[in-house]
Amino acid sequence: MSNNILFVFEGATAEVQIIENLKKFYVHENLCVHSIYGGEIYQIFKQIKADEDLDTFNLLKERNSENKEILKNFTRDDFAEIYLFFDYDGHSIIADDSKLVELLDYFNEETHKGKLYISYPMVESLKHIANFDDFKSSCIKCKEKVGYKNIVSVEALKYLIDFTNYDEEIWKTLISTHLKKMNYICLNDYSLPEKLFNQLDIFSNQFKSYIEPSNTVSILSSYPVFIHDYYGNKNTLVKIS
């Protein structure tokens, strides 16, 4: 099997901008192909329930004409790893926390069905930093429509607004900041992590500390978490130092 990586995104704009910029500095040693699911993560649940042996690659290839074109010259064996990036989308009428737990359990291995990463509440969380000193406690309502994209456009530091303009120093800062937030969510310690946390760990702590008691999520982007998993804890900390 090759070392190619398949990235799967919920949407076609912000997610692609992020990964194309991120690849300039990280994961650039592999051929990376991206495809668009074009729907919420909860929509996959019904398909999995209908066919528990569902092949992720074929699901994506048959999902839309764009994916058929992108993947026409590839087979599943052409990809060593599959990563899926979706939003929490707790306000969706089909959102279901119990379904998300099953999905995270199902998509938990990048070399098999694929590994699912969730941004809380949405992809724009990567840049939703108004003040680095206050980011530890930054939360947002997650079970109702709050116009999150508009909130981010107003509150985020201006130099973080455009994903396509990020340089390596911005990435180092964002990865460090979101990893501290991840560690805080899981261990109540706002410092760089000493170990990896899987997506079920993160969700269960989000649910216990934020979602269940207050219908909020602690703002967290999945992309720094992915980098942490991809390189491992020690190597990631070296790369962002």
# chains A, B, ... in the order shown; residues from 1 in each chain; ligands from 1

call {"tool": "residues_around", "arguments": {"residues": "range 117-120 of chain A", "least_positions_apart": "6", "cutoff": "7 Å", "atoms": "only C-alpha atoms", "output": "MDAnalysis selection string"}}
result
chainID A and resid 84:88 199 217:222

call {"tool": "residues_around", "arguments": {"residues": "Ser35 in chain A", "least_positions_apart": "6", "cutoff": "7 Å", "atoms": "only C-alpha atoms", "output": "MDAnalysis selection string"}}
result
chainID A and resid 7:9 67

call {"tool": "atom_distance", "arguments": {"atom1": "CA of Tyr223 in chain A", "atom2": "CA of Asn64 in chain A"}}
result
24.7 Å

call {"tool": "closest_atom_pairs", "arguments": {"of": "range 111-158 of chain A", "to": "range 13-20 of chain A", "cutoff": "12 Å", "atoms": "only C-alpha atoms", "output": "CSV"}}
result
residue,atom,partner,partner_atom,distance
A:Ser119,CA,A:Glu15,CA,10.9
A:Met122,CA,A:Glu15,CA,10.3
A:Val123,CA,A:Glu15,CA,6.9
A:Glu124,CA,A:Ala14,CA,7.8
A:Ser125,CA,A:Ala14,CA,11.1
A:Leu126,CA,A:Ile18,CA,9.1
A:Lys127,CA,A:Ile18,CA,10.5
A:Lys149,CA,A:Ala14,CA,11.1

call {"tool": "write_last_selection", "arguments": {"atoms": "C-alpha atoms", "output": "PDB file, in the first residue's frame"}}
result
ATOM      1  CA  SER A 119     -14.206  20.641  15.425  1.00  0.00           C
ATOM      2  CA  MET A 122     -17.355  24.283  13.540  1.00  0.00           C
ATOM      3  CA  VAL A 123     -14.305  24.534  11.301  1.00  0.00           C
ATOM      4  CA  GLU A 124     -14.040  28.277  12.046  1.00  0.00           C
ATOM      5  CA  SER A 125     -12.995  27.421  15.603  1.00  0.00           C
ATOM      6  CA  LEU A 126      -9.391  27.312  14.350  1.00  0.00           C
ATOM      7  CA  LYS A 127      -9.356  31.110  14.101  1.00  0.00           C
ATOM      8  CA  LYS A 149     -19.469  32.341  11.379  1.00  0.00           C
TER       9      LYS A 149
END

call {"tool": "closest_residue", "arguments": {"among": "A:Ser204, A:Tyr166, A:Thr173, A:Leu192", "to": "Lys24 in chain A", "atoms": "only C-alpha atoms"}}
result
A:Tyr166

call {"tool": "residues_around", "arguments": {"residues": "Phe107 in chain A", "least_positions_apart": "2", "cutoff": "12 Å", "atoms": "only C-alpha atoms", "output": "PDB file with C-alpha atoms, in the first residue's frame"}}
result
ATOM      1  CA  ILE A  41     -21.361  13.809   9.851  1.00  0.00           C
ATOM      2  CA  ILE A  44     -23.190   9.037   7.416  1.00  0.00           C
ATOM      3  CA  PHE A  45     -24.731   7.283  10.421  1.00  0.00           C
ATOM      4  CA  ILE A  48     -23.259   2.760   8.323  1.00  0.00           C
ATOM      5  CA  GLU A  52     -21.629  -2.103   8.771  1.00  0.00           C
ATOM      6  CA  LEU A  54     -19.321  -0.068   4.375  1.00  0.00           C
ATOM      7  CA  ASP A  55     -16.180   0.840   2.448  1.00  0.00           C
ATOM      8  CA  THR A  56     -15.347   4.475   3.154  1.00  0.00           C
ATOM      9  CA  GLU A  81      -4.598   6.615   5.627  1.00  0.00           C
ATOM     10  CA  ILE A  82      -8.008   8.298   5.538  1.00  0.00           C
ATOM     11  CA  TYR A  83      -8.877  11.262   7.746  1.00  0.00           C
ATOM     12  CA  LEU A  84     -12.352  12.783   8.017  1.00  0.00           C
ATOM     13  CA  PHE A  85     -12.892  16.339   9.288  1.00  0.00           C
ATOM     14  CA  PHE A  86     -16.396  17.360  10.340  1.00  0.00           C
ATOM     15  CA  LEU A 100     -21.643  10.813  17.331  1.00  0.00           C
ATOM     16  CA  VAL A 101     -20.198   8.451  19.933  1.00  0.00           C
ATOM     17  CA  GLU A 102     -20.904   5.525  17.606  1.00  0.00           C
ATOM     18  CA  LEU A 103     -19.378   7.380  14.666  1.00  0.00           C
ATOM     19  CA  LEU A 104     -16.221   8.197  16.609  1.00  0.00           C
ATOM     20  CA  ASP A 105     -15.984   4.572  17.643  1.00  0.00           C
ATOM     21  CA  GLU A 109      -8.446   3.979  12.684  1.00  0.00           C
ATOM     22  CA  GLU A 110      -6.955   5.913   9.777  1.00  0.00           C
ATOM     23  CA  THR A 111      -5.575   2.781   8.110  1.00  0.00           C
ATOM     24  CA  HIS A 112      -8.972   1.023   8.092  1.00  0.00           C
ATOM     25  CA  LYS A 113     -12.327   2.812   7.843  1.00  0.00           C
ATOM     26  CA  GLY A 114     -10.728   6.202   8.464  1.00  0.00           C
ATOM     27  CA  LYS A 115     -10.212   8.430  11.474  1.00  0.00           C
ATOM     28  CA  LEU A 116     -12.814  11.049  12.305  1.00  0.00           C
ATOM     29  CA  TYR A 117     -11.907  14.471  13.721  1.00  0.00           C
ATOM     30  CA  ILE A 118     -14.509  16.861  15.132  1.00  0.00           C
ATOM     31  CA  ASN A 198      -8.388  10.205  21.173  1.00  0.00           C
ATOM     32  CA  GLN A 199     -11.516  11.802  19.769  1.00  0.00           C
ATOM     33  CA  LEU A 200     -13.805   9.875  22.109  1.00  0.00           C
TER      34      LEU A 200
END

call {"tool": "atom_distance", "arguments": {"atom1": "CA of Lys49 in chain A", "atom2": "CA of Glu10 in chain A"}}
result
19.7 Å

call {"tool": "atom_distance", "arguments": {"atom1": "CA of Ser137 in chain A", "atom2": "CA of Asp201 in chain A"}}
result
18.8 Å

call {"tool": "residues_around", "arguments": {"residues": "Gly232 in chain A", "least_positions_apart": "3", "cutoff": "12 Å", "atoms": "only C-alpha atoms", "output": "VMD selection string"}}
result
chain A and resid 193 to 198 224 to 229 235 to 239

call {"tool": "select_by_dssp", "arguments": {"residues": "range 74-120 of chain A", "states": "strand (DSSP E or B)", "output": "list of chain:residue names"}}
result
A:Phe79, A:Ala80, A:Glu81, A:Ile82, A:Tyr83, A:Leu84, A:Phe85, A:Phe86, A:Asp87, A:Asn108, A:Glu109, A:Gly114, A:Lys115, A:Leu116, A:Tyr117, A:Ile118, A:Ser119, A:Tyr120

call {"tool": "write_last_selection", "arguments": {"atoms": "N, CA, C and O atoms", "output": "mmCIF file, in the first residue's frame"}}
result
data_model
loop_
_atom_site.group_PDB
_atom_site.id
_atom_site.type_symbol
_atom_site.label_atom_id
_atom_site.label_comp_id
_atom_site.auth_asym_id
_atom_site.auth_seq_id
_atom_site.Cartn_x
_atom_site.Cartn_y
_atom_site.Cartn_z
ATOM 1 N N PHE A 79 -4.398 4.423 -0.848
ATOM 2 C CA PHE A 79 -4.347 5.307 0.317
ATOM 3 C C PHE A 79 -4.011 4.526 1.572
ATOM 4 O O PHE A 79 -4.724 3.605 1.965
ATOM 5 N N ALA A 80 -2.907 4.927 2.199
ATOM 6 C CA ALA A 80 -2.513 4.287 3.451
ATOM 7 C C ALA A 80 -3.382 4.765 4.604
ATOM 8 O O ALA A 80 -3.614 4.025 5.566
ATOM 9 N N GLU A 81 -3.858 6.016 4.513
ATOM 10 C CA GLU A 81 -4.598 6.615 5.627
ATOM 11 C C GLU A 81 -5.753 7.456 5.095
ATOM 12 O O GLU A 81 -5.637 8.100 4.037
ATOM 13 N N ILE A 82 -6.851 7.456 5.842
ATOM 14 C CA ILE A 82 -8.008 8.298 5.538
ATOM 15 C C ILE A 82 -8.352 9.094 6.791
ATOM 16 O O ILE A 82 -8.487 8.519 7.881
ATOM 17 N N TYR A 83 -8.503 10.398 6.631
ATOM 18 C CA TYR A 83 -8.877 11.262 7.746
ATOM 19 C C TYR A 83 -10.125 12.052 7.354
ATOM 20 O O TYR A 83 -10.199 12.625 6.262
ATOM 21 N N LEU A 84 -11.095 12.082 8.256
ATOM 22 C CA LEU A 84 -12.352 12.783 8.017
ATOM 23 C C LEU A 84 -12.462 13.954 8.991
ATOM 24 O O LEU A 84 -12.277 13.783 10.200
ATOM 25 N N PHE A 85 -12.773 15.136 8.465
ATOM 26 C CA PHE A 85 -12.892 16.339 9.288
ATOM 27 C C PHE A 85 -14.310 16.899 9.176
ATOM 28 O O PHE A 85 -14.742 17.296 8.084
ATOM 29 N N PHE A 86 -15.010 16.897 10.319
ATOM 30 C CA PHE A 86 -16.396 17.360 10.340
ATOM 31 C C PHE A 86 -16.625 18.296 11.529
ATOM 32 O O PHE A 86 -15.821 18.352 12.461
ATOM 33 N N ASP A 87 -17.746 19.021 11.466
ATOM 34 C CA ASP A 87 -18.139 19.919 12.548
ATOM 35 C C ASP A 87 -19.018 19.183 13.550
ATOM 36 O O ASP A 87 -19.726 18.227 13.193
ATOM 37 N N ASN A 108 -12.278 5.162 13.829
ATOM 38 C CA ASN A 108 -11.244 5.364 14.860
ATOM 39 C C ASN A 108 -9.866 4.864 14.438
ATOM 40 O O ASN A 108 -8.947 4.802 15.244
ATOM 41 N N GLU A 109 -9.726 4.513 13.151
ATOM 42 C CA GLU A 109 -8.446 3.979 12.684
ATOM 43 C C GLU A 109 -8.205 4.453 11.247
ATOM 44 O O GLU A 109 -8.915 4.045 10.322
ATOM 45 N N GLY A 114 -11.020 4.775 8.423
ATOM 46 C CA GLY A 114 -10.728 6.202 8.464
ATOM 47 C C GLY A 114 -10.827 6.713 9.885
ATOM 48 O O GLY A 114 -11.467 6.080 10.744
ATOM 49 N N LYS A 115 -10.187 7.827 10.141
ATOM 50 C CA LYS A 115 -10.212 8.430 11.474
ATOM 51 C C LYS A 115 -10.949 9.755 11.417
ATOM 52 O O LYS A 115 -10.607 10.632 10.630
ATOM 53 N N LEU A 116 -11.947 9.874 12.286
ATOM 54 C CA LEU A 116 -12.814 11.049 12.305
ATOM 55 C C LEU A 116 -12.328 12.077 13.309
ATOM 56 O O LEU A 116 -12.037 11.750 14.458
ATOM 57 N N TYR A 117 -12.255 13.344 12.852
ATOM 58 C CA TYR A 117 -11.907 14.471 13.721
ATOM 59 C C TYR A 117 -13.060 15.467 13.739
ATOM 60 O O TYR A 117 -13.619 15.802 12.690
ATOM 61 N N ILE A 118 -13.390 15.935 14.944
ATOM 62 C CA ILE A 118 -14.509 16.861 15.132
ATOM 63 C C ILE A 118 -13.992 18.212 15.616
ATOM 64 O O ILE A 118 -13.203 18.284 16.560
ATOM 65 N N SER A 119 -14.460 19.280 14.952
ATOM 66 C CA SER A 119 -14.206 20.641 15.425
ATOM 67 C C SER A 119 -15.411 21.125 16.218
ATOM 68 O O SER A 119 -16.566 20.886 15.817
ATOM 69 N N TYR A 120 -15.154 21.789 17.315
ATOM 70 C CA TYR A 120 -16.219 22.276 18.197
ATOM 71 C C TYR A 120 -16.233 23.795 18.185
ATOM 72 O O TYR A 120 -15.259 24.424 18.583
#

call {"tool": "residues_around", "arguments": {"residues": "Lys172 in chain A", "least_positions_apart": "2", "cutoff": "10 Å", "atoms": "only C-alpha atoms", "output": "list in words"}}
result
Phe25, Asp167, Glu168, Glu169, Ile170, Leu174, Ile175, Ser176, Thr177, Pro224, Thr236, Leu237, Lys239, Ile240 and Ser241 of chain A

call {"tool": "write_last_selection", "arguments": {"atoms": "N, CA and C atoms", "output": "PDB file, in the first residue's frame"}}
result
ATOM      1  N   PHE A  25       3.640  23.239   5.549  1.00  0.00           N
ATOM      2  CA  PHE A  25       4.539  23.134   6.695  1.00  0.00           C
ATOM      3  C   PHE A  25       4.494  21.768   7.379  1.00  0.00           C
ATOM      4  N   ASP A 167       1.260  31.668   8.040  1.00  0.00           N
ATOM      5  CA  ASP A 167       2.638  31.233   7.854  1.00  0.00           C
ATOM      6  C   ASP A 167       2.987  30.224   8.952  1.00  0.00           C
ATOM      7  N   GLU A 168       4.228  29.774   8.957  1.00  0.00           N
ATOM      8  CA  GLU A 168       4.607  28.723   9.907  1.00  0.00           C
ATOM      9  C   GLU A 168       4.490  29.183  11.354  1.00  0.00           C
ATOM     10  N   GLU A 169       4.814  30.444  11.612  1.00  0.00           N
ATOM     11  CA  GLU A 169       4.732  30.946  12.985  1.00  0.00           C
ATOM     12  C   GLU A 169       3.292  31.007  13.474  1.00  0.00           C
ATOM     13  N   ILE A 170       2.383  31.389  12.606  1.00  0.00           N
ATOM     14  CA  ILE A 170       0.960  31.387  12.980  1.00  0.00           C
ATOM     15  C   ILE A 170       0.512  29.967  13.281  1.00  0.00           C
ATOM     16  N   LEU A 174      -1.075  28.555  16.725  1.00  0.00           N
ATOM     17  CA  LEU A 174      -2.417  27.971  16.769  1.00  0.00           C
ATOM     18  C   LEU A 174      -2.376  26.518  17.243  1.00  0.00           C
ATOM     19  N   ILE A 175      -1.410  25.759  16.777  1.00  0.00           N
ATOM     20  CA  ILE A 175      -1.305  24.370  17.225  1.00  0.00           C
ATOM     21  C   ILE A 175      -1.053  24.323  18.722  1.00  0.00           C
ATOM     22  N   SER A 176      -0.132  25.125  19.196  1.00  0.00           N
ATOM     23  CA  SER A 176       0.163  25.175  20.632  1.00  0.00           C
ATOM     24  C   SER A 176      -1.066  25.573  21.436  1.00  0.00           C
ATOM     25  N   THR A 177      -1.766  26.597  20.985  1.00  0.00           N
ATOM     26  CA  THR A 177      -2.930  27.116  21.714  1.00  0.00           C
ATOM     27  C   THR A 177      -4.049  26.091  21.788  1.00  0.00           C
ATOM     28  N   PRO A 224      -5.176  21.152  14.711  1.00  0.00           N
ATOM     29  CA  PRO A 224      -4.014  20.968  15.591  1.00  0.00           C
ATOM     30  C   PRO A 224      -4.012  19.607  16.275  1.00  0.00           C
ATOM     31  N   THR A 236       5.638  16.505  17.904  1.00  0.00           N
ATOM     32  CA  THR A 236       4.818  17.699  17.693  1.00  0.00           C
ATOM     33  C   THR A 236       5.353  18.859  18.516  1.00  0.00           C
ATOM     34  N   LEU A 237       5.666  18.604  19.764  1.00  0.00           N
ATOM     35  CA  LEU A 237       6.172  19.681  20.626  1.00  0.00           C
ATOM     36  C   LEU A 237       7.497  20.228  20.114  1.00  0.00           C
ATOM     37  N   LYS A 239       8.289  20.311  16.871  1.00  0.00           N
ATOM     38  CA  LYS A 239       7.964  21.059  15.661  1.00  0.00           C
ATOM     39  C   LYS A 239       7.377  22.435  15.957  1.00  0.00           C
ATOM     40  N   ILE A 240       6.670  22.587  17.072  1.00  0.00           N
ATOM     41  CA  ILE A 240       6.030  23.874  17.352  1.00  0.00           C
ATOM     42  C   ILE A 240       6.843  24.725  18.328  1.00  0.00           C
ATOM     43  N   SER A 241       8.008  24.253  18.710  1.00  0.00           N
ATOM     44  CA  SER A 241       8.824  25.013  19.666  1.00  0.00           C
ATOM     45  C   SER A 241       9.569  26.148  18.986  1.00  0.00           C
TER      46      SER A 241
END

call {"tool": "residues_around", "arguments": {"residues": "Leu157 in chain A", "least_positions_apart": "4", "cutoff": "12 Å", "atoms": "only C-alpha atoms", "output": "list of chain:residue names"}}
result
A:Leu126, A:Lys127, A:His128, A:Ile129, A:Ala130, A:Asn131, A:Phe132, A:Phe135, A:Ile151, A:Val152, A:Ser153, A:Ile161, A:Asp162, A:Ile170, A:Leu174

call {"tool": "residues_around", "arguments": {"residues": "Asn188 in chain A", "least_positions_apart": "5", "cutoff": "10 Å", "atoms": "only C-alpha atoms", "output": "list of chain:residue names"}}
result
A:Lys136, A:Lys180, A:Lys181, A:Met182, A:Asn183, A:Asn205

call {"tool": "select_by_dssp", "arguments": {"residues": "range 40-194 of chain A", "states": "alpha helix (DSSP H)", "output": "number ranges by chain"}}
result
A: 42-50, 56-61, 65-71, 97-106, 148-155, 168-187

call {"tool": "closest_residue", "arguments": {"among": "A:Tyr159, A:Trp171, A:Phe74, A:Tyr230", "to": "Ser2 in chain A", "atoms": "only C-alpha atoms"}}
result
A:Phe74

call {"tool": "closest_residue", "arguments": {"among": "A:Asn21, A:Ser92, A:Thr75, A:Ser98", "to": "Lys145 in chain A", "atoms": "only C-alpha atoms"}}
result
A:Ser92

call {"tool": "closest_residue", "arguments": {"among": "A:Glu144, A:Asp78, A:Asp97, A:Asp89", "to": "Leu31 in chain A", "atoms": "only C-alpha atoms"}}
result
A:Asp78
